[in-house]
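Colleague: Contents of input_18.cif (mmCIF, C-alpha atoms) are below:
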```cif
data_work
loop_
_atom_site.group_PDB
_atom_site.id
_atom_site.type_symbol
_atom_site.label_atom_id
_atom_site.label_comp_id
_atom_site.auth_asym_id
_atom_site.auth_seq_id
_atom_site.Cartn_x
_atom_site.Cartn_y
_atom_site.Cartn_z
ATOM 1 C CA ASN A 1 -58.932 -7.416 9.856
ATOM 2 C CA VAL A 2 -56.279 -10.097 10.238
ATOM 3 C CA ALA A 3 -54.756 -10.877 13.652
ATOM 4 C CA ILE A 4 -51.848 -13.252 14.256
ATOM 5 C CA LYS A 5 -51.206 -14.486 17.794
ATOM 6 C CA LEU A 6 -48.023 -16.348 18.706
ATOM 7 C CA GLU A 7 -47.365 -18.296 21.913
ATOM 8 C CA ALA A 8 -44.313 -20.203 23.086
ATOM 9 C CA LEU A 9 -45.355 -23.259 25.117
ATOM 10 C CA GLY A 10 -43.485 -24.952 27.951
ATOM 11 C CA ASN A 11 -44.196 -27.444 30.724
ATOM 12 C CA GLN A 12 -44.982 -24.798 33.332
ATOM 13 C CA GLN A 13 -45.047 -21.684 31.201
ATOM 14 C CA LYS A 14 -46.680 -19.969 28.262
ATOM 15 C CA THR A 15 -45.372 -16.747 26.755
ATOM 16 C CA SER A 16 -47.485 -14.696 24.352
ATOM 17 C CA LEU A 17 -45.860 -12.330 21.911
ATOM 18 C CA PRO A 18 -47.589 -9.080 20.905
ATOM 19 C CA THR A 19 -50.440 -9.705 18.461
ATOM 20 C CA LEU A 20 -49.658 -8.682 14.903
ATOM 21 C CA SER A 21 -52.577 -7.150 13.057
ATOM 22 C CA ALA A 22 -53.368 -5.929 9.568
ATOM 23 C CA LYS A 23 -56.281 -4.584 7.579
ATOM 24 C CA VAL A 24 -56.709 -6.331 4.247
ATOM 25 C CA ALA A 25 -58.794 -5.192 1.274
ATOM 26 C CA ARG A 26 -59.294 -6.257 -2.314
ATOM 27 C CA LYS A 27 -61.197 -4.787 -5.225
ATOM 28 C CA GLY A 28 -60.970 -6.567 -8.553
ATOM 29 C CA THR A 29 -57.274 -7.278 -9.061
ATOM 30 C CA ASP A 30 -56.128 -4.570 -6.612
ATOM 31 C CA ARG A 31 -54.943 -5.613 -3.156
ATOM 32 C CA ARG A 32 -54.032 -3.673 -0.010
ATOM 33 C CA MET A 33 -52.654 -4.738 3.359
ATOM 34 C CA GLU A 34 -52.019 -2.224 6.126
ATOM 35 C CA PHE A 35 -49.940 -3.359 9.074
ATOM 36 C CA ILE A 36 -50.091 -1.709 12.463
ATOM 37 C CA MET A 37 -46.610 -2.197 13.867
ATOM 38 C CA PRO A 38 -46.227 -3.305 17.531
ATOM 39 C CA ALA A 39 -43.920 -0.321 18.185
ATOM 40 C CA GLY A 40 -46.374 2.052 16.486
ATOM 41 C CA GLY A 41 -46.771 3.350 12.968
ATOM 42 C CA HIS A 42 -48.314 1.960 9.805
ATOM 43 C CA VAL A 43 -46.900 0.116 6.824
ATOM 44 C CA VAL A 44 -49.049 -0.341 3.708
ATOM 45 C CA TYR A 45 -48.520 -2.847 0.914
ATOM 46 C CA LEU A 46 -50.531 -1.831 -2.172
ATOM 47 C CA ASP A 47 -50.843 -3.835 -5.392
ATOM 48 C CA LYS A 48 -52.493 -1.426 -7.835
ATOM 49 C CA GLY A 49 -52.857 -2.557 -11.429
ATOM 50 C CA GLY A 50 -49.837 -4.847 -11.114
ATOM 51 C CA THR A 51 -47.579 -2.169 -9.594
ATOM 52 C CA ASN A 52 -46.529 -2.949 -6.023
ATOM 53 C CA TYR A 53 -45.917 -0.240 -3.442
ATOM 54 C CA LEU A 54 -44.564 -0.268 0.091
ATOM 55 C CA ILE A 55 -45.964 2.878 1.717
ATOM 56 C CA LEU A 56 -44.959 4.453 5.031
ATOM 57 C CA PRO A 57 -47.812 6.977 5.458
ATOM 58 C CA ASP A 58 -46.558 8.339 8.800
ATOM 59 C CA MET A 59 -43.211 9.205 7.181
ATOM 60 C CA LYS A 60 -44.775 10.260 3.850
ATOM 61 C CA GLN A 61 -42.541 7.842 1.926
ATOM 62 C CA TYR A 62 -43.081 4.990 -0.494
ATOM 63 C CA ALA A 63 -41.145 2.577 -2.679
ATOM 64 C CA GLU A 64 -42.122 0.577 -5.738
ATOM 65 C CA LEU A 65 -41.433 -3.125 -5.251
ATOM 66 C CA ASN A 66 -40.837 -5.838 -7.820
ATOM 67 C CA GLN A 67 -40.033 -9.540 -7.740
ATOM 68 C CA GLU A 68 -36.547 -8.986 -9.133
ATOM 69 C CA SER A 69 -35.512 -6.613 -6.338
ATOM 70 C CA LEU A 70 -37.085 -8.664 -3.536
ATOM 71 C CA GLY A 71 -36.486 -12.208 -4.751
ATOM 72 C CA PHE A 72 -40.110 -13.233 -4.150
ATOM 73 C CA GLU A 73 -43.617 -12.238 -5.162
ATOM 74 C CA VAL A 74 -45.113 -10.137 -2.353
ATOM 75 C CA ARG A 75 -48.740 -10.937 -3.158
ATOM 76 C CA ARG A 76 -48.040 -14.648 -2.932
ATOM 77 C CA MET A 77 -46.560 -14.236 0.549
ATOM 78 C CA LEU A 78 -49.102 -11.878 2.099
ATOM 79 C CA MET A 79 -52.571 -12.040 0.602
ATOM 80 C CA PRO A 80 -55.030 -14.360 2.372
ATOM 81 C CA GLU A 81 -56.480 -15.906 -0.797
ATOM 82 C CA GLN A 82 -52.967 -16.780 -2.027
ATOM 83 C CA ILE A 83 -52.133 -18.350 1.331
ATOM 84 C CA VAL A 84 -55.208 -20.614 1.036
ATOM 85 C CA GLN A 85 -54.117 -21.773 -2.440
ATOM 86 C CA GLN A 86 -50.621 -22.546 -1.154
ATOM 87 C CA VAL A 87 -51.944 -24.471 1.860
ATOM 88 C CA LYS A 88 -54.317 -26.581 -0.254
ATOM 89 C CA SER A 89 -51.379 -27.713 -2.405
ATOM 90 C CA VAL A 90 -49.267 -28.955 0.538
ATOM 91 C CA PRO A 91 -49.031 -32.774 0.532
ATOM 92 C CA GLY A 92 -50.979 -34.234 3.454
ATOM 93 C CA VAL A 93 -53.568 -31.442 3.758
ATOM 94 C CA GLN A 94 -56.993 -33.057 4.103
ATOM 95 C CA ARG A 95 -60.458 -31.617 3.741
ATOM 96 C CA VAL A 96 -62.208 -32.828 6.890
ATOM 97 C CA GLY A 97 -65.678 -31.364 6.458
ATOM 98 C CA GLU A 98 -67.940 -28.359 6.436
ATOM 99 C CA GLU A 99 -69.293 -26.476 9.431
ATOM 100 C CA LYS A 100 -70.187 -23.035 10.770
ATOM 101 C CA TYR A 101 -67.525 -20.715 12.152
ATOM 102 C CA ASN A 102 -68.605 -17.383 13.638
ATOM 103 C CA GLY A 103 -71.898 -17.704 11.770
ATOM 104 C CA ARG A 104 -70.269 -18.314 8.371
ATOM 105 C CA ASP A 105 -70.210 -21.505 6.294
ATOM 106 C CA VAL A 106 -66.665 -22.843 6.135
ATOM 107 C CA ILE A 107 -64.669 -25.745 4.769
ATOM 108 C CA LYS A 108 -62.347 -27.224 7.392
ATOM 109 C CA TYR A 109 -58.885 -28.542 6.494
ATOM 110 C CA ARG A 110 -56.377 -30.444 8.655
ATOM 111 C CA TYR A 111 -52.669 -31.048 8.374
ATOM 112 C CA GLY A 112 -50.476 -33.133 10.648
ATOM 113 C CA SER A 113 -46.875 -34.268 10.577
ATOM 114 C CA VAL A 114 -43.937 -35.328 12.733
ATOM 115 C CA THR A 115 -40.453 -34.066 11.919
ATOM 116 C CA ASP A 116 -37.058 -34.864 13.357
ATOM 117 C CA THR A 117 -35.619 -31.369 13.736
ATOM 118 C CA GLN A 118 -32.146 -32.687 14.568
ATOM 119 C CA SER A 119 -32.005 -29.968 17.216
ATOM 120 C CA GLN A 120 -32.652 -29.686 20.964
ATOM 121 C CA ALA A 121 -36.391 -29.865 20.210
ATOM 122 C CA GLY A 122 -36.016 -33.423 18.820
ATOM 123 C CA GLN A 123 -39.117 -35.015 17.259
ATOM 124 C CA VAL A 124 -41.736 -32.273 16.743
ATOM 125 C CA ALA A 125 -45.378 -33.017 15.985
ATOM 126 C CA THR A 126 -47.391 -30.371 14.175
ATOM 127 C CA GLU A 127 -51.152 -30.220 13.780
ATOM 128 C CA SER A 128 -52.951 -27.462 11.917
ATOM 129 C CA PHE A 129 -56.579 -26.633 11.229
ATOM 130 C CA LEU A 130 -57.734 -24.113 8.647
ATOM 131 C CA TYR A 131 -61.303 -22.797 8.227
ATOM 132 C CA VAL A 132 -61.942 -21.339 4.761
ATOM 133 C CA ASP A 133 -65.039 -19.203 4.175
ATOM 134 C CA LYS A 134 -67.171 -20.759 1.411
ATOM 135 C CA GLU A 135 -68.458 -17.391 0.152
ATOM 136 C CA THR A 136 -65.229 -15.368 0.012
ATOM 137 C CA GLY A 137 -62.514 -18.045 -0.056
ATOM 138 C CA LEU A 138 -60.798 -16.289 2.862
ATOM 139 C CA PRO A 139 -59.020 -18.216 5.638
ATOM 140 C CA LEU A 140 -61.206 -17.115 8.590
ATOM 141 C CA HIS A 141 -59.276 -19.044 11.223
ATOM 142 C CA SER A 142 -56.158 -21.142 11.378
ATOM 143 C CA GLU A 143 -54.447 -22.727 14.327
ATOM 144 C CA THR A 144 -51.136 -24.551 14.324
ATOM 145 C CA VAL A 145 -49.561 -26.240 17.324
ATOM 146 C CA SER A 146 -46.056 -27.680 17.112
ATOM 147 C CA GLN A 147 -44.858 -29.602 20.168
ATOM 148 C CA SER A 148 -41.738 -31.648 20.938
ATOM 149 C CA GLN A 149 -42.651 -35.330 21.238
ATOM 150 C CA SER A 150 -39.286 -36.402 22.617
ATOM 151 C CA GLY A 151 -39.216 -34.117 25.660
ATOM 152 C CA GLY A 152 -36.788 -31.732 24.042
ATOM 153 C CA ASN A 153 -36.967 -28.025 24.659
ATOM 154 C CA VAL A 154 -35.261 -24.789 23.820
ATOM 155 C CA GLN A 155 -34.752 -22.556 26.875
ATOM 156 C CA GLY A 156 -37.647 -24.278 28.660
ATOM 157 C CA TYR A 157 -40.082 -24.118 25.745
ATOM 158 C CA SER A 158 -41.165 -27.282 23.979
ATOM 159 C CA GLY A 159 -43.665 -25.932 21.475
ATOM 160 C CA ALA A 160 -45.400 -23.071 19.770
ATOM 161 C CA ARG A 161 -48.966 -22.129 18.926
ATOM 162 C CA VAL A 162 -49.908 -19.764 16.096
ATOM 163 C CA VAL A 163 -53.510 -18.562 15.659
ATOM 164 C CA THR A 164 -54.669 -16.401 12.765
ATOM 165 C CA GLU A 165 -58.140 -14.814 12.691
ATOM 166 C CA ILE A 166 -59.915 -12.801 10.010
ATOM 167 C CA THR A 167 -62.806 -10.686 11.298
ATOM 168 C CA ASP A 168 -65.016 -7.781 10.209
ATOM 169 C CA ILE A 169 -65.516 -9.025 6.650
ATOM 170 C CA SER A 170 -67.261 -6.526 4.386
ATOM 171 C CA THR A 171 -68.040 -6.842 0.691
ATOM 172 C CA THR A 172 -67.922 -3.080 0.098
ATOM 173 C CA VAL A 173 -64.609 -1.277 -0.155
ATOM 174 C CA ALA A 174 -63.841 2.443 -0.175
ATOM 175 C CA PRO A 175 -62.200 3.259 -3.555
ATOM 176 C CA ASP A 176 -59.669 5.641 -1.951
ATOM 177 C CA LEU A 177 -58.019 2.655 -0.228
ATOM 178 C CA PHE A 178 -56.440 1.820 -3.582
ATOM 179 C CA ALA A 179 -55.198 5.276 -4.545
ATOM 180 C CA GLU A 180 -51.591 5.351 -5.709
ATOM 181 C CA PRO A 181 -49.302 7.288 -3.344
ATOM 182 C CA THR A 182 -49.074 11.009 -4.071
ATOM 183 C CA GLY A 183 -47.388 13.857 -2.201
ATOM 184 C CA MET A 184 -44.763 11.471 -0.780
ATOM 185 C CA GLN A 185 -41.070 10.908 -1.288
#
```
Can the structure from this file be put into structure tokens for me?
Modeller:
Amino acid sequence: NVAIKLEALGNQQKTSLPTLSAKVARKGTDRRMEFIMPAGGHVVYLDKGGTNYLILPDMKQYAELNQESLGFEVRRMLMPEQIVQQVKSVPGVQRVGEEKYNGRDVIKYRYGSVTDTQSQAGQVATESFLYVDKETGLPLHSETVSQSQSGGNVQGYSGARVVTEITDISTTVAPDLFAEPTGMQ
């Protein structure tokens, strides 16, 4: 299970957006991510043998996706192990040690930067921490805080906090999770 929590931060206020959640599974080269939409309903991304599907099970519909039609590779954008590889290649990301996180051995990474946004927010400092499970290579926890350093704000908010958590890790996967869509339009 993957949960993403977003908060807008201000001097006297903090606003949390609805948590986004997904169930992620992999078996060999097959990948699956099922989103539970905040307004209700499910959306499934399935990479089965190199064929990519977007499935709307509640509506009994699906579409085959490809890089040419979308303009990007879906797996690279969504799958946790691909996200870790992308993060590790960002200039300035530092391995800061090893520790335990929720009972699992992890490698901890840190990233920090200051950017002039040339907007109302002004100079924005960002600090991120990423905990990568040593056994599975999954990003168990990440936290990024971006905060205006020059007192700038946008509608009273001067920063944002994004927390991503992966929980309920299992090394066994039901084979039917990776079945190609049938009986759908």
Colleague: For Ala174 (chain A), find every residue with an atom within 10 Å (counting only C-alpha atoms), except residues of its own chain fewer than 3 positions away, and show them as number ranges by chain.
Modeller: A: 25, 27, 177-178
Colleague: Convert the output of the PyMOL selection byres ((chain A and resi 134) around 9) on the shown file into explicit residues, formatted as a list in words.
Modeller: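 For this structure, the PyMOL selection byres ((chain A and resi 134) around 9) captures Arg104, Asp105, Val106, Ile107, Val132, Asp133, Glu135, Thr136, Gly137 and Leu138 of chain A.
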Colleague: Report the residues retrieved by the PyMOL selection byres ((chain A and resi 149) around 7) from the displayed file, expressed as an MDAnalysis selection string.
Modeller: chainID A and resid 123:125 147:148 150:151
Colleague: Name the residues that the PyMOL selection byres ((chain A and resi 102) around 12) pulls out of this structure, and write them as a compact mmCIF listing (two decimals) with C-alpha atoms, in the coordinates of the input.
Modeller:
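Dumped everything to result.txt:
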```
# COMPACT_ATOMS: atom_id res chain seq x y z
CA GLU A 99 -69.29 -26.48 9.43
CA LYS A 100 -70.19 -23.04 10.77
CA TYR A 101 -67.53 -20.72 12.15
CA GLY A 103 -71.90 -17.70 11.77
CA ARG A 104 -70.27 -18.31 8.37
CA ASP A 105 -70.21 -21.50 6.29
CA VAL A 106 -66.67 -22.84 6.14
CA TYR A 131 -61.30 -22.80 8.23
CA VAL A 132 -61.94 -21.34 4.76
CA ASP A 133 -65.04 -19.20 4.18
CA LEU A 140 -61.21 -17.11 8.59
CA HIS A 141 -59.28 -19.04 11.22
CA GLU A 165 -58.14 -14.81 12.69
CA ILE A 166 -59.92 -12.80 10.01
CA THR A 167 -62.81 -10.69 11.30
CA ASP A 168 -65.02 -7.78 10.21
CA ILE A 169 -65.52 -9.02 6.65
```
Colleague: My list of candidates is A:Pro91, A:Gln118, A:Val173, A:Pro181. Which is closest to Asn52 (chain A) when distances are computed with all atoms listed in the file?
Modeller: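 Ranked by minimum distance to Asn52 (chain A), first place goes to A:Pro181.
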Colleague: Would you list the contacts of Leu9 (chain A) as a list of chain:residue names, taking every protein, DNA or RNA residue within 6 Å and counting only C-alpha atoms, but skipping same-chain residues closer than 6 positions in sequence?
Modeller: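 Within the cut-off, the hits are A:Tyr157, A:Ser158, A:Gly159, A:Ala160.
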Colleague: For Ala179 (chain A), which residue out of A:Pro18, A:Gln13, A:Lys48, A:Arg31 is the nearest one, using only C-alpha atoms?
Modeller: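 Smallest distance to Ala179 (chain A) is found for A:Lys48.
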Colleague: What is the distance between CA of Tyr53 (chain A) and CA of Ile36 (chain A), in Å to one decimal?
Modeller: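 Interatomic distance here is 16.5 Å.
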Colleague: Contacts of Gly41 (chain A) at 10 Å or less, counting all atoms listed in the file, minus same-chain residues fewer than 4 places along, as a PyMOL selection string?
Modeller: chain A and resi 35-37+56-59
Colleague: Here is a test: counting all atoms listed in the file, which residue of A:Ser16, A:Gln61, A:Asn11, A:Gln94 is nearest to Leu130 (chain A)?
Modeller: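 Looking only at the distances to Leu130 (chain A), the closest residue turns out to be A:Gln94.
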Colleague: Find the residues around Val145 (chain A) up to 7 Å (all atoms listed in the file counted), leave out those fewer than 5 positions away in its own chain, and share them as a PyMOL selection string.
Modeller: chain A and resi 126-128+160-162
Colleague: What separation in Å, quoted to one decimal, exists between CA of Thr51 (chain A) and CA of Thr172 (chain A)?
Modeller: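 Those two atoms sit 22.6 Å apart.
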Colleague: Name the closest residue to Phe129 (chain A) among the candidates A:Thr164, A:Thr117, A:Leu54, A:Gln155; distances are taken between atoms, counting all atoms listed in the file.
Modeller: A:Thr164
Colleague: Reconstruct N, CA, C and O atoms of region 135-146 of chain A from the incomplete input and present them as a CSV table (one decimal), in the frame of the given file.
Modeller:
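Below is the file that was written, result.csv:
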```csv
chain,number,residue,atom,x,y,z
A,135,GLU,N,-68.0,-18.5,1.0
A,135,GLU,CA,-68.5,-17.4,0.2
A,135,GLU,C,-67.3,-16.6,-0.4
A,135,GLU,O,-67.2,-16.3,-1.6
A,136,THR,N,-66.3,-16.3,0.4
A,136,THR,CA,-65.2,-15.4,0.0
A,136,THR,C,-63.9,-16.1,-0.3
A,136,THR,O,-63.0,-15.5,-0.9
A,137,GLY,N,-63.8,-17.3,0.1
A,137,GLY,CA,-62.5,-18.0,-0.1
A,137,GLY,C,-61.4,-17.6,0.9
A,137,GLY,O,-60.3,-18.0,0.8
A,138,LEU,N,-61.8,-16.8,1.9
A,138,LEU,CA,-60.8,-16.3,2.9
A,138,LEU,C,-60.6,-17.3,4.0
A,138,LEU,O,-61.5,-18.0,4.4
A,139,PRO,N,-59.3,-17.3,4.5
A,139,PRO,CA,-59.0,-18.2,5.6
A,139,PRO,C,-59.5,-17.5,6.9
A,139,PRO,O,-58.7,-16.7,7.5
A,140,LEU,N,-60.7,-17.8,7.4
A,140,LEU,CA,-61.2,-17.1,8.6
A,140,LEU,C,-60.5,-17.4,9.9
A,140,LEU,O,-60.3,-16.6,10.8
A,141,HIS,N,-60.0,-18.6,10.0
A,141,HIS,CA,-59.3,-19.0,11.2
A,141,HIS,C,-58.3,-20.1,10.9
A,141,HIS,O,-58.6,-21.1,10.1
A,142,SER,N,-57.1,-20.0,11.5
A,142,SER,CA,-56.2,-21.1,11.4
A,142,SER,C,-55.5,-21.3,12.7
A,142,SER,O,-55.3,-20.3,13.4
A,143,GLU,N,-55.2,-22.5,13.1
A,143,GLU,CA,-54.4,-22.7,14.3
A,143,GLU,C,-53.4,-23.8,14.1
A,143,GLU,O,-53.8,-24.9,13.6
A,144,THR,N,-52.2,-23.6,14.5
A,144,THR,CA,-51.1,-24.6,14.3
A,144,THR,C,-50.4,-24.7,15.7
A,144,THR,O,-50.1,-23.7,16.3
A,145,VAL,N,-50.3,-25.9,16.1
A,145,VAL,CA,-49.6,-26.2,17.3
A,145,VAL,C,-48.4,-27.2,17.0
A,145,VAL,O,-48.7,-28.3,16.4
A,146,SER,N,-47.2,-26.8,17.3
A,146,SER,CA,-46.1,-27.7,17.1
A,146,SER,C,-45.5,-27.9,18.5
A,146,SER,O,-45.2,-27.0,19.3
```
